[in-house]
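Structure file coords-v3.txt (compact mmCIF, C-alpha atoms) follows.
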# COMPACT_ATOMS: atom_id res chain seq x y z
CA MET A 1 -10.31 14.19 -25.64
CA ASP A 2 -10.26 15.84 -22.23
CA ARG A 3 -6.90 14.40 -21.50
CA HIS A 4 -5.52 15.78 -24.73
CA ALA A 5 -6.60 19.30 -23.92
CA LYS A 6 -4.76 19.03 -20.62
CA VAL A 7 -1.65 17.75 -22.34
CA LYS A 8 -1.64 20.70 -24.70
CA LYS A 9 -2.01 23.23 -21.90
CA LEU A 10 0.99 21.96 -20.03
CA SER A 11 3.24 21.37 -22.95
CA TRP A 12 4.54 24.91 -23.28
CA GLY A 13 5.81 24.89 -19.71
CA LEU A 14 7.62 21.66 -20.35
CA SER A 15 9.15 22.72 -23.64
CA ILE A 16 11.15 25.26 -21.65
CA LEU A 17 12.28 22.47 -19.36
CA SER A 18 13.15 20.26 -22.26
CA HIS A 19 15.44 22.97 -23.63
CA ILE A 20 17.25 23.15 -20.34
CA PHE A 21 17.59 19.42 -20.09
CA SER A 22 18.56 18.84 -23.70
CA ASP A 23 21.58 21.00 -22.92
CA LEU A 24 22.17 19.17 -19.66
CA ASP A 25 22.29 15.72 -21.12
CA ASP A 26 24.52 16.87 -23.95
CA VAL A 27 27.06 17.76 -21.32
CA SER A 28 26.72 14.87 -18.94
CA MET A 29 26.25 11.90 -21.25
CA THR A 30 29.15 10.19 -22.89
CA ASP A 31 29.13 11.16 -26.51
CA PRO A 32 27.37 8.42 -28.45
CA LEU A 33 28.90 9.73 -31.66
CA GLN A 34 32.24 8.39 -30.51
CA ASP A 35 30.82 4.95 -29.75
CA ALA A 36 30.96 2.50 -32.65
CA SER A 37 29.24 -0.47 -30.87
CA PRO A 38 25.70 -1.53 -31.89
CA SER A 39 24.28 -0.11 -28.65
CA GLY A 40 26.10 3.13 -29.43
CA ALA A 41 24.38 3.26 -32.81
CA ARG A 42 21.03 2.69 -31.15
CA GLN A 43 21.74 5.38 -28.53
CA ARG A 44 22.55 7.71 -31.39
CA TRP A 45 19.30 7.21 -33.29
CA LEU A 46 17.22 7.22 -30.09
CA ALA A 47 18.82 10.54 -29.14
CA VAL A 48 17.95 11.94 -32.57
CA LEU A 49 14.36 10.70 -32.23
CA ALA A 50 13.95 11.94 -28.64
CA HIS A 51 14.98 15.45 -29.64
CA ALA A 52 13.11 15.45 -32.95
CA PRO A 53 10.54 18.21 -33.45
CA ARG A 54 6.98 16.92 -33.27
CA GLU A 55 5.94 17.83 -36.80
CA LEU A 56 8.96 16.09 -38.34
CA LEU A 57 8.32 12.90 -36.37
CA GLN A 58 4.66 12.99 -37.29
CA ARG A 59 5.43 13.33 -40.98
CA HIS A 60 7.70 10.26 -40.95
CA ALA A 61 5.78 8.07 -38.51
CA ALA A 62 2.31 8.66 -39.95
CA ALA A 63 3.29 6.72 -43.07
CA LEU A 64 4.01 3.50 -41.11
CA GLU A 65 1.78 0.41 -41.48
CA ASP A 66 -0.43 0.17 -38.38
CA GLY A 67 -1.04 -3.56 -38.64
CA GLU A 68 2.59 -4.55 -38.09
CA PHE A 69 2.76 -2.93 -34.65
CA SER A 70 1.29 -3.90 -31.30
CA PHE A 71 1.72 -2.34 -27.87
CA LEU A 72 3.89 -4.09 -25.35
CA ARG A 73 3.50 -1.14 -23.03
CA ALA A 74 0.95 1.45 -24.10
CA PRO A 75 2.14 5.07 -23.85
CA GLU A 76 2.12 6.23 -20.24
CA VAL A 77 3.15 9.43 -18.52
CA GLY A 78 5.16 9.41 -15.32
CA LEU A 79 7.62 11.40 -13.30
CA THR A 80 11.34 11.01 -13.10
CA MET A 81 13.71 12.69 -10.70
CA VAL A 82 16.31 14.74 -12.50
CA ARG A 83 19.61 14.80 -10.66
CA ALA A 84 22.60 16.91 -11.47
CA ARG A 85 25.88 18.25 -10.18
CA ILE A 86 26.89 21.89 -10.39
CA ALA A 87 29.51 22.23 -13.11
CA ASN A 88 29.79 18.44 -13.14
CA THR A 89 31.60 18.34 -9.80
CA GLY A 90 30.51 17.77 -6.22
CA ASP A 91 27.57 15.75 -4.96
CA ARG A 92 24.49 15.14 -7.03
CA PHE A 93 21.38 16.96 -5.94
CA ASN A 94 17.75 16.61 -7.00
CA VAL A 95 16.89 19.30 -9.52
CA GLY A 96 13.24 18.34 -9.53
CA ASP A 97 10.70 16.04 -11.08
CA ALA A 98 10.32 15.97 -14.83
CA THR A 99 7.44 14.38 -16.67
CA VAL A 100 8.42 11.56 -18.97
CA THR A 101 6.36 9.63 -21.49
CA ARG A 102 7.34 6.10 -22.34
CA CYS A 103 6.09 3.45 -24.69
CA VAL A 104 7.20 0.04 -25.94
CA VAL A 105 5.87 -1.43 -29.19
CA ARG A 106 6.50 -4.70 -30.91
CA HIS A 107 6.98 -4.89 -34.65
CA ARG A 108 6.43 -8.05 -36.65
CA SER A 109 8.11 -7.91 -40.02
CA ALA A 110 6.85 -9.66 -43.17
CA ASN A 111 9.09 -12.67 -42.48
CA GLY A 112 7.90 -12.97 -38.86
CA CYS A 113 10.92 -11.34 -37.21
CA LEU A 114 10.06 -9.61 -33.91
CA ALA A 115 11.64 -6.41 -32.67
CA ALA A 116 10.76 -4.28 -29.66
CA GLY A 117 11.08 -0.53 -30.00
CA VAL A 118 11.33 1.78 -27.01
CA GLY A 119 10.37 5.44 -26.79
CA TYR A 120 11.25 7.61 -23.79
CA LEU A 121 10.63 11.33 -24.05
CA LEU A 122 10.72 14.32 -21.77
CA GLY A 123 7.26 15.83 -21.39
CA ARG A 124 3.77 14.44 -21.92
CA ASP A 125 3.09 13.39 -25.45
CA PRO A 126 1.77 9.83 -25.81
CA GLU A 127 1.64 10.04 -29.60
CA ARG A 128 5.23 11.17 -29.94
CA ALA A 129 6.45 8.39 -27.63
CA GLU A 130 4.62 5.87 -29.81
CA TRP A 131 6.17 7.25 -33.00
CA VAL A 132 9.65 7.07 -31.49
CA ALA A 133 9.04 3.49 -30.33
CA ARG A 134 7.76 2.48 -33.77
CA LEU A 135 10.75 3.97 -35.56
CA ASP A 136 13.14 2.38 -33.06
CA ALA A 137 11.55 -1.03 -33.70
CA LEU A 138 11.88 -0.60 -37.45
CA LEU A 139 15.52 0.44 -37.10
CA GLN A 140 16.23 -2.88 -35.39
CA GLN A 141 14.78 -4.85 -38.31
CA PRO A 142 17.64 -5.50 -40.73
CA GLU A 143 15.44 -5.16 -43.83
CA HIS A 144 14.17 -1.71 -42.82
CA HIS A 145 17.25 -0.34 -41.07
CA ALA A 146 19.08 1.29 -44.00
CA GLN A 147 15.90 2.80 -45.45
CA VAL A 148 14.76 4.37 -42.16
CA MET A 149 18.25 5.66 -41.39
CA LEU A 150 18.30 7.36 -44.79
CA ASP A 151 14.69 8.61 -44.88
CA VAL A 152 14.09 9.53 -41.24
CA ILE A 153 17.14 9.75 -39.01
CA GLY A 154 19.30 11.63 -41.52
CA PRO A 155 16.82 14.44 -42.27
CA ILE A 156 15.73 14.77 -38.62
CA ALA A 157 19.34 14.95 -37.41
CA THR A 158 20.12 17.62 -40.03
CA GLU A 159 17.01 19.62 -39.14
CA THR A 160 17.65 19.39 -35.38
CA ALA A 161 21.27 20.47 -35.89
CA ARG A 162 20.08 23.41 -38.02
CA ARG A 163 17.61 24.55 -35.36
CA ARG A 164 20.18 24.23 -32.60
CA ALA A 165 22.72 26.18 -34.63
CA ALA A 166 20.13 28.92 -35.22
CA VAL A 167 19.40 29.18 -31.47
CA ALA A 168 23.13 29.12 -30.70
CA ALA A 169 23.75 31.89 -33.25
CA LEU A 170 20.92 33.96 -31.77
CA THR A 171 22.34 33.52 -28.29
CA ALA A 172 25.87 34.26 -29.47
CA SER A 173 24.76 37.58 -30.99
CA SER A 174 24.07 38.94 -27.52
CA ARG A 175 27.17 37.49 -25.99
CA VAL A 176 29.29 39.73 -23.85
CA SER A 177 32.86 38.88 -23.10
CA PHE A 178 34.38 40.21 -19.94
CA ASP A 179 38.09 40.56 -20.41
CA THR A 180 40.12 40.68 -17.28
CA LEU A 181 43.73 41.59 -17.07
CA ALA A 182 45.73 38.84 -15.60
CA THR A 183 48.54 40.00 -13.43
CA GLU A 184 51.68 38.94 -15.08
CA THR A 185 53.72 36.50 -13.19
CA SER A 186 57.21 36.87 -14.34
CA PRO A 187 59.90 34.53 -14.89
CA MET B 188 18.69 -6.89 -24.19
CA SER B 189 16.46 -6.18 -27.16
CA ALA B 190 16.50 -9.90 -28.01
CA THR B 191 14.65 -10.65 -24.78
CA LEU B 192 12.42 -7.58 -24.99
CA ALA B 193 11.32 -8.53 -28.52
CA SER B 194 10.06 -11.88 -27.26
CA MET B 195 8.57 -10.41 -24.06
CA GLU B 196 5.11 -11.82 -23.39
CA SER B 197 2.09 -9.51 -23.27
CA GLY B 198 0.57 -8.05 -20.11
CA PHE B 199 -2.78 -6.33 -19.54
CA ALA B 200 -4.23 -4.78 -22.69
CA ASP B 201 -5.32 -1.74 -20.67
CA PRO B 202 -3.23 -1.79 -17.47
CA VAL B 203 -5.30 0.61 -15.37
CA HIS B 204 -8.79 -0.69 -16.13
CA ASP B 205 -7.83 -4.35 -16.29
CA ALA B 206 -6.10 -4.11 -12.92
CA GLN B 207 -9.14 -2.34 -11.46
CA GLN B 208 -11.46 -5.07 -12.72
CA THR B 209 -9.18 -7.79 -11.39
CA PHE B 210 -8.90 -6.00 -8.06
CA ARG B 211 -12.69 -5.81 -7.80
CA VAL B 212 -12.93 -9.56 -8.39
CA LEU B 213 -10.20 -10.33 -5.82
CA LEU B 214 -11.93 -8.04 -3.34
CA GLY B 215 -15.21 -9.89 -3.90
CA ALA B 216 -13.47 -13.23 -3.53
CA MET B 217 -11.92 -12.18 -0.22
CA ALA B 218 -15.26 -10.86 1.03
CA GLU B 219 -17.08 -14.07 0.13
CA PRO B 220 -14.67 -16.87 0.99
CA GLY B 221 -15.11 -20.06 -0.98
CA ARG B 222 -17.30 -18.51 -3.67
CA LEU B 223 -16.14 -19.16 -7.20
CA PHE B 224 -15.37 -16.00 -9.17
CA THR B 225 -14.39 -15.79 -12.82
CA LEU B 226 -12.27 -12.99 -14.27
CA GLY B 227 -14.09 -11.37 -17.17
CA PRO B 228 -12.74 -11.44 -20.71
CA ALA B 229 -11.98 -7.70 -20.53
CA ALA B 230 -9.42 -8.30 -17.78
CA THR B 231 -7.79 -11.33 -19.32
CA ASN B 232 -7.96 -10.65 -23.08
CA GLY B 233 -4.55 -8.99 -23.08
CA LEU B 234 -3.12 -12.00 -21.21
CA GLN B 235 -4.35 -14.44 -23.85
CA PRO B 236 -2.96 -13.15 -27.17
CA SER B 237 -3.59 -15.20 -30.30
CA ASP B 238 0.13 -15.85 -30.77
CA PRO B 239 1.04 -18.60 -28.26
CA ALA B 240 4.66 -17.40 -28.16
CA LEU B 241 3.50 -14.12 -26.63
CA ARG B 242 1.30 -15.64 -23.92
CA PRO B 243 2.49 -14.86 -20.38
CA PRO B 244 4.41 -17.65 -18.66
CA LEU B 245 1.64 -17.81 -16.01
CA SER B 246 -2.02 -18.82 -16.28
CA PRO B 247 -4.46 -15.91 -16.90
CA ALA B 248 -5.89 -15.59 -13.39
CA LEU B 249 -2.50 -15.90 -11.71
CA ALA B 250 -0.93 -13.42 -14.12
CA ALA B 251 -3.80 -10.96 -13.62
CA ALA B 252 -3.64 -11.30 -9.83
CA LEU B 253 0.11 -10.68 -9.75
CA LEU B 254 -0.09 -7.70 -12.13
CA THR B 255 -2.84 -6.26 -9.92
CA LEU B 256 -1.46 -6.91 -6.43
CA ALA B 257 2.27 -6.42 -6.91
CA ASP B 258 4.43 -3.49 -7.93
CA ALA B 259 7.99 -2.29 -7.56
CA ASP B 260 7.57 -2.05 -3.76
CA THR B 261 5.93 -5.47 -3.37
CA PRO B 262 8.31 -8.38 -3.69
CA VAL B 263 6.77 -11.45 -5.30
CA HIS B 264 8.24 -14.87 -4.75
CA LEU B 265 7.66 -17.43 -7.47
CA SER B 266 8.32 -20.94 -6.23
CA GLY B 267 8.66 -24.35 -7.85
CA SER B 268 8.02 -24.73 -11.56
CA LEU B 269 6.68 -21.15 -11.78
CA ALA B 270 10.13 -19.81 -10.95
CA THR B 271 11.51 -19.43 -14.45
CA ASP B 272 13.71 -16.63 -15.76
CA GLU B 273 10.97 -15.95 -18.26
CA ALA B 274 8.36 -15.37 -15.56
CA ARG B 275 10.70 -13.21 -13.49
CA ALA B 276 11.59 -11.07 -16.52
CA TRP B 277 7.91 -10.76 -17.36
CA LEU B 278 7.03 -9.48 -13.86
CA ARG B 279 10.04 -7.20 -13.90
CA PHE B 280 9.03 -5.63 -17.20
CA HIS B 281 5.33 -5.17 -16.58
CA ILE B 282 5.23 -4.09 -12.93
CA GLY B 283 8.86 -3.78 -11.86
CA ALA B 284 8.43 -6.41 -9.12
CA ARG B 285 11.48 -8.33 -7.97
CA ASP B 286 11.74 -11.86 -6.62
CA PRO B 287 13.69 -11.86 -3.33
CA GLY B 288 14.44 -15.58 -3.79
CA LYS B 289 12.64 -16.59 -0.59
CA ALA B 290 9.05 -16.56 0.63
CA ALA B 291 7.72 -13.00 0.51
CA GLY B 292 4.51 -11.13 1.34
CA LEU B 293 3.14 -12.36 -1.95
CA THR B 294 4.17 -15.90 -2.76
CA ALA B 295 2.92 -17.81 -5.79
CA THR B 296 3.34 -21.45 -6.67
CA ARG B 297 1.64 -24.36 -8.38
CA ALA B 298 -0.29 -26.68 -6.09
CA ARG B 299 1.81 -29.70 -7.07
CA ASP B 300 5.06 -27.85 -6.18
CA LEU B 301 3.86 -26.83 -2.73
CA ASP B 302 5.91 -28.50 -0.03
CA ARG B 303 6.31 -28.30 3.71
CA ALA B 304 9.52 -26.25 3.43
CA LEU B 305 7.72 -23.44 1.60
CA CYS B 306 4.77 -23.51 4.02
CA ARG B 307 7.18 -23.20 6.94
CA GLN B 308 8.83 -20.16 5.34
CA LEU B 309 5.56 -18.25 5.06
CA ASP B 310 5.21 -15.33 7.46
CA LEU B 311 2.12 -15.66 9.68
CA GLY B 312 2.47 -12.13 10.99
CA THR B 313 2.39 -11.25 14.67
CA ASP B 314 -0.47 -10.58 17.05
CA ASP B 315 0.48 -6.89 17.01
CA ALA B 316 0.85 -6.71 13.21
CA PRO B 317 -1.18 -9.51 11.65
CA GLN B 318 -1.23 -7.57 8.36
CA SER B 319 2.44 -8.37 7.82
CA SER B 320 1.57 -11.99 7.06
CA ALA B 321 1.88 -13.67 3.68
CA THR B 322 -0.66 -14.14 0.93
CA LEU B 323 -0.27 -17.43 -0.87
CA LEU B 324 -1.38 -17.59 -4.50
CA LEU B 325 -1.87 -21.19 -5.53
CA GLU B 326 -2.47 -22.43 -9.04
CA VAL B 327 -4.63 -25.54 -8.53
CA ASP B 328 -5.73 -28.20 -11.03
CA ALA B 329 -9.47 -27.51 -10.79
CA LEU B 330 -11.97 -25.42 -8.84
CA SER B 331 -15.70 -26.00 -8.64
CA ASP B 332 -18.71 -25.20 -6.48
CA ALA B 333 -20.06 -28.69 -7.23
CA PRO B 334 -18.35 -31.91 -6.10
CA LEU B 335 -15.49 -32.89 -8.41
CA PRO B 336 -14.06 -36.39 -8.77
CA GLY B 337 -10.58 -36.52 -7.30
CA ALA B 338 -10.95 -33.15 -5.62
CA VAL B 339 -11.04 -32.28 -1.94
CA ALA B 340 -14.49 -30.97 -0.99
CA LEU B 341 -14.25 -28.25 1.63
CA ASN B 342 -17.02 -27.09 3.91
CA LEU B 343 -16.31 -23.53 4.93
CA ARG B 344 -17.74 -21.33 7.66
CA GLY B 345 -16.87 -17.92 9.00
CA PRO B 346 -17.14 -14.21 8.18
CA GLY B 347 -18.58 -13.58 4.72
CA ILE B 348 -20.46 -16.88 4.64
CA ALA B 349 -24.14 -16.92 5.67
CA SER B 350 -24.14 -20.46 7.04
CA ALA B 351 -21.78 -22.76 5.18
CA ARG B 352 -20.29 -22.90 1.71
CA ASN B 353 -18.89 -25.85 -0.21
CA VAL B 354 -16.06 -25.67 -2.70
CA ALA B 355 -14.11 -28.44 -4.41
CA VAL B 356 -10.37 -27.97 -4.95
CA ALA B 357 -8.28 -30.41 -6.96
CA GLY B 358 -4.51 -30.61 -6.70
CA LEU B 359 -3.88 -29.85 -3.04
CA THR B 360 -3.11 -32.65 -0.61
CA ALA B 361 -5.08 -33.52 2.52
CA GLU B 362 -1.88 -32.80 4.44
CA PHE B 363 -1.96 -29.18 3.23
CA TRP B 364 -5.56 -28.73 4.36
CA ARG B 365 -4.72 -30.21 7.76
CA TRP B 366 -1.90 -27.65 8.08
CA ARG B 367 -4.31 -24.88 7.05
CA THR B 368 -6.79 -26.10 9.71
CA THR B 369 -4.17 -25.99 12.45
CA LEU B 370 -3.50 -22.32 11.60
CA GLN B 371 -7.08 -21.44 12.55
CA ALA B 372 -6.13 -21.53 16.23
CA HIS B 373 -3.58 -18.73 15.69
CA LEU B 374 -6.06 -16.10 14.43
CA PRO B 375 -5.44 -13.14 13.82
CA ARG B 376 -2.14 -14.63 12.69
CA GLY B 377 -2.32 -16.78 9.61
CA ILE B 378 -2.07 -16.72 5.84
CA ASP B 379 -4.58 -15.71 3.22
CA LEU B 380 -5.05 -18.19 0.38
CA VAL B 381 -5.99 -17.24 -3.15
CA LEU B 382 -6.65 -20.27 -5.33
CA VAL B 383 -6.60 -19.76 -9.08
CA CYS B 384 -7.25 -22.02 -12.03
CA ASP B 385 -7.33 -20.71 -15.61
CA THR B 386 -9.57 -17.60 -15.16
CA GLN B 387 -11.26 -18.76 -11.92
CA VAL B 388 -10.51 -17.42 -8.46
CA VAL B 389 -11.47 -18.62 -4.97
CA ALA B 390 -10.15 -16.96 -1.83
CA ILE B 391 -9.88 -18.58 1.58
CA PRO B 392 -8.75 -15.88 4.01
CA ARG B 393 -7.36 -16.72 7.43
CA SER B 394 -10.68 -15.97 9.15
CA THR B 395 -12.43 -18.81 7.31
CA ARG B 396 -12.80 -22.06 9.22
CA ILE B 397 -12.57 -25.32 7.34
CA GLU B 398 -15.19 -27.41 9.10
CA SER B 399 -14.76 -30.62 7.17
CA GLU B 400 -12.97 -31.98 4.17
CA SER B 401 -13.44 -35.13 2.22

Go through the file and emit its structure as structure tokens.
Amino acid sequence: MDRHAKVKKLSWGLSILSHIFSDLDDVSMTDPLQDASPSGARQRWLAVLAHAPRELLQRHAAALEDGEFSFLRAPEVGLTMVRARIANTGDRFNVGDATVTRCVVRHRSANGCLAAGVGYLLGRDPERAEWVARLDALLQQPEHHAQVMLDVIGPIATETARRRAAVAALTASSRVSFDTLATETSP
Amino acid sequence: MSATLASMESGFADPVHDAQQTFRVLLGAMAEPGRLFTLGPAATNGLQPSDPALRPPLSPALAAALLTLADADTPVHLSGSLATDEARAWLRFHIGARDPGKAAGLTATRARDLDRALCRQLDLGTDDAPQSSATLLLEVDALSDAPLPGAVALNLRGPGIASARNVAVAGLTAEFWRWRTTLQAHLPRGIDLVLVCDTQVVAIPRSTRIESES
């Protein structure tokens, strides 16, 4: 209980960070949307889950059967060094430490098939990392894949895109363009 | 990658507390050489899941000791029949430890795979830095504080033992114990032995003298 209170207190500070870094990784990562391989598909749904708002994840993950899952690595919070390059050029430098929560669960389907789901998230939220891992495991089970894609990933992706568009629109409303006159070079 | 992760064997059920409990037992074993310690069910429950396919590729006490003592900065060398890809992947996943492929500060093997070549590779440390020496984790066939048929009975003396202590170890050759006895002259150089069998642990640190064996 104590630990939870601590987690809550810190989370607002980190949500600011996570906004900064969600923009960062959009720029620096190769676009998984262009990648048609199976690992590209997994990257895509893990990206959707990692950026999913807490309440949406909770709504979808709370309905999952507990008995089918077991921890391979219980949720744990650690630090990771975030490195970046200014404007994507030059040498990498250390931006700073970011807290990361990770979790690995194993899912056993009705026919005995095993799948391991992985959840890595920015910030400290053991529950959220577990939900992501559970959904990732289900997405790797052929009999659940289509259903979860339709019920969970689709709506979350739409909702995340809507929120991002709203923030982008809000930012764009205060945008100032500085026009400079270019000296004409004549032929 | 997910194919191997899905079949990855379990580790500690509660990594922090299980490792603390195991560490306490190993500490006790080192402080009282030759005394038989047993790892409690709390520490080893996670290492003995009901599904045999998910059991770690190492025996409970050995698995617990490695998960407790090693980490990403502590190379662990698995030798002989312990050195499987499965076991390496398991260590890599749970604690991030790598196998350098040769005898390291922490070397683990089964008693029947132990040979002279491996013993020769073990670092005894130096007189200036005896702490740089190797710790050898040995999975033996049986451990007992009472005489065992077919086992070598050791009579131990030294720090941590009031007068003398007897322990029976099955699976290690008389030649190995002779080699261990010759190391006594090199103190503070030497190797620390941790013998494990199922969930039992006996430590024989370098400071312990083996007075007689039979």

For chain B, work out the contacting residues on chain A at 7 Å, counting all atoms listed in the file, and write them as a PDB file with C-alpha atoms, in the frame of the given file.
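Dumped to out.pdb:
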ATOM      1  CA  LEU A  72       3.890  -4.090 -25.350  1.00  0.00           C
ATOM      2  CA  ARG A 106       6.500  -4.700 -30.910  1.00  0.00           C
ATOM      3  CA  LEU A 114      10.060  -9.610 -33.910  1.00  0.00           C
ATOM      4  CA  ALA A 115      11.640  -6.410 -32.670  1.00  0.00           C
ATOM      5  CA  ALA A 116      10.760  -4.280 -29.660  1.00  0.00           C
TER       6      ALA A 116
END

Task: Which residue of B:Ser401, B:Leu323, B:Leu234, B:Leu382 approaches Val339 of chain B most closely, using only C-alpha atoms - done: B:Ser401

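For Leu79 of chain A, the non-local neighbours within 7 Å, defined as residues at least 4 positions apart in the same chain or in other chains and counting only C-alpha atoms, are Asp97, Ala98, Thr99 and Val100 of chain A.
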
Please produce an output containing C-alpha atoms for each residue in the selection, written as a PDB file, in the frame of the given file.
ATOM      1  CA  ASP A  97      10.700  16.040 -11.080  1.00  0.00           C
ATOM      2  CA  ALA A  98      10.320  15.970 -14.830  1.00  0.00           C
ATOM      3  CA  THR A  99       7.440  14.380 -16.670  1.00  0.00           C
ATOM      4  CA  VAL A 100       8.420  11.560 -18.970  1.00  0.00           C
TER       5      VAL A 100
END

Which residues are near segment 50-55 of chain A? Cut-off 12 Å, all atoms listed in the file, ignore same chain within fewer than 2 positions. Put them as a short mmCIF file (atom, residue, chain, number, x, y, z; two decimals) with C-alpha atoms, in the frame of the given file.
data_model
loop_
_atom_site.label_atom_id
_atom_site.label_comp_id
_atom_site.auth_asym_id
_atom_site.auth_seq_id
_atom_site.Cartn_x
_atom_site.Cartn_y
_atom_site.Cartn_z
CA SER A 11 3.24 21.37 -22.95
CA SER A 15 9.15 22.72 -23.64
CA SER A 18 13.15 20.26 -22.26
CA HIS A 19 15.44 22.97 -23.63
CA PHE A 21 17.59 19.42 -20.09
CA SER A 22 18.56 18.84 -23.70
CA ASP A 23 21.58 21.00 -22.92
CA ASP A 25 22.29 15.72 -21.12
CA ASP A 26 24.52 16.87 -23.95
CA ARG A 42 21.03 2.69 -31.15
CA GLN A 43 21.74 5.38 -28.53
CA ARG A 44 22.55 7.71 -31.39
CA TRP A 45 19.30 7.21 -33.29
CA LEU A 46 17.22 7.22 -30.09
CA ALA A 47 18.82 10.54 -29.14
CA VAL A 48 17.95 11.94 -32.57
CA LEU A 57 8.32 12.90 -36.37
CA GLN A 58 4.66 12.99 -37.29
CA ARG A 59 5.43 13.33 -40.98
CA HIS A 60 7.70 10.26 -40.95
CA ALA A 61 5.78 8.07 -38.51
CA ALA A 62 2.31 8.66 -39.95
CA VAL A 100 8.42 11.56 -18.97
CA THR A 101 6.36 9.63 -21.49
CA ARG A 102 7.34 6.10 -22.34
CA VAL A 118 11.33 1.78 -27.01
CA GLY A 119 10.37 5.44 -26.79
CA TYR A 120 11.25 7.61 -23.79
CA LEU A 121 10.63 11.33 -24.05
CA LEU A 122 10.72 14.32 -21.77
CA GLY A 123 7.26 15.83 -21.39
CA ASP A 125 3.09 13.39 -25.45
CA PRO A 126 1.77 9.83 -25.81
CA GLU A 127 1.64 10.04 -29.60
CA ARG A 128 5.23 11.17 -29.94
CA ALA A 129 6.45 8.39 -27.63
CA GLU A 130 4.62 5.87 -29.81
CA TRP A 131 6.17 7.25 -33.00
CA VAL A 132 9.65 7.07 -31.49
CA ALA A 133 9.04 3.49 -30.33
CA LEU A 135 10.75 3.97 -35.56
CA ASP A 136 13.14 2.38 -33.06
CA VAL A 152 14.09 9.53 -41.24
CA ILE A 153 17.14 9.75 -39.01
CA GLY A 154 19.30 11.63 -41.52
CA PRO A 155 16.82 14.44 -42.27
CA ILE A 156 15.73 14.77 -38.62
CA ALA A 157 19.34 14.95 -37.41
CA THR A 158 20.12 17.62 -40.03
CA GLU A 159 17.01 19.62 -39.14
CA THR A 160 17.65 19.39 -35.38
CA ALA A 161 21.27 20.47 -35.89
CA ARG A 162 20.08 23.41 -38.02
CA ARG A 163 17.61 24.55 -35.36
CA ARG A 164 20.18 24.23 -32.60
#

Task: atom CA of Glu362 of chain B to atom CA of Asp300 of chain B, straight-line distance in Å - done: 13.6 Å

- [ ] Tell me which protein, DNA and RNA residues are within 10 Å of segment 307-316 of chain B, counting all atoms listed in the file, leaving out same-chain ones fewer than 5 positions away, and put them as a VMD selection string.
- [x] chain B and resid 289 to 294 302 321 to 323 370 373 to 379 393

- [ ] Do a neighbour search on Leu249 of chain B at 12 Å with all atoms listed in the file, toss out local chain neighbours closer than 4 positions, and write the hits as number ranges by chain.
- [x] B: 198, 209, 213, 225-226, 230-231, 234, 243-245, 253-257, 265, 269, 274, 278, 293-297, 323-327, 381-389

Would you put the residues from that selection into a file with C-alpha atoms, as a tab-separated table (two decimals), in the frame of the given file?
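And here's selection_18.tsv as it stands now:
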chain	number	residue	atom	x	y	z
B	198	GLY	CA	0.57	-8.05	-20.11
B	209	THR	CA	-9.18	-7.79	-11.39
B	213	LEU	CA	-10.20	-10.33	-5.82
B	225	THR	CA	-14.39	-15.79	-12.82
B	226	LEU	CA	-12.27	-12.99	-14.27
B	230	ALA	CA	-9.42	-8.30	-17.78
B	231	THR	CA	-7.79	-11.33	-19.32
B	234	LEU	CA	-3.12	-12.00	-21.21
B	243	PRO	CA	2.49	-14.86	-20.38
B	244	PRO	CA	4.41	-17.65	-18.66
B	245	LEU	CA	1.64	-17.81	-16.01
B	253	LEU	CA	0.11	-10.68	-9.75
B	254	LEU	CA	-0.09	-7.70	-12.13
B	255	THR	CA	-2.84	-6.26	-9.92
B	256	LEU	CA	-1.46	-6.91	-6.43
B	257	ALA	CA	2.27	-6.42	-6.91
B	265	LEU	CA	7.66	-17.43	-7.47
B	269	LEU	CA	6.68	-21.15	-11.78
B	274	ALA	CA	8.36	-15.37	-15.56
B	278	LEU	CA	7.03	-9.48	-13.86
B	293	LEU	CA	3.14	-12.36	-1.95
B	294	THR	CA	4.17	-15.90	-2.76
B	295	ALA	CA	2.92	-17.81	-5.79
B	296	THR	CA	3.34	-21.45	-6.67
B	297	ARG	CA	1.64	-24.36	-8.38
B	323	LEU	CA	-0.27	-17.43	-0.87
B	324	LEU	CA	-1.38	-17.59	-4.50
B	325	LEU	CA	-1.87	-21.19	-5.53
B	326	GLU	CA	-2.47	-22.43	-9.04
B	327	VAL	CA	-4.63	-25.54	-8.53
B	381	VAL	CA	-5.99	-17.24	-3.15
B	382	LEU	CA	-6.65	-20.27	-5.33
B	383	VAL	CA	-6.60	-19.76	-9.08
B	384	CYS	CA	-7.25	-22.02	-12.03
B	385	ASP	CA	-7.33	-20.71	-15.61
B	386	THR	CA	-9.57	-17.60	-15.16
B	387	GLN	CA	-11.26	-18.76	-11.92
B	388	VAL	CA	-10.51	-17.42	-8.46
B	389	VAL	CA	-11.47	-18.62	-4.97
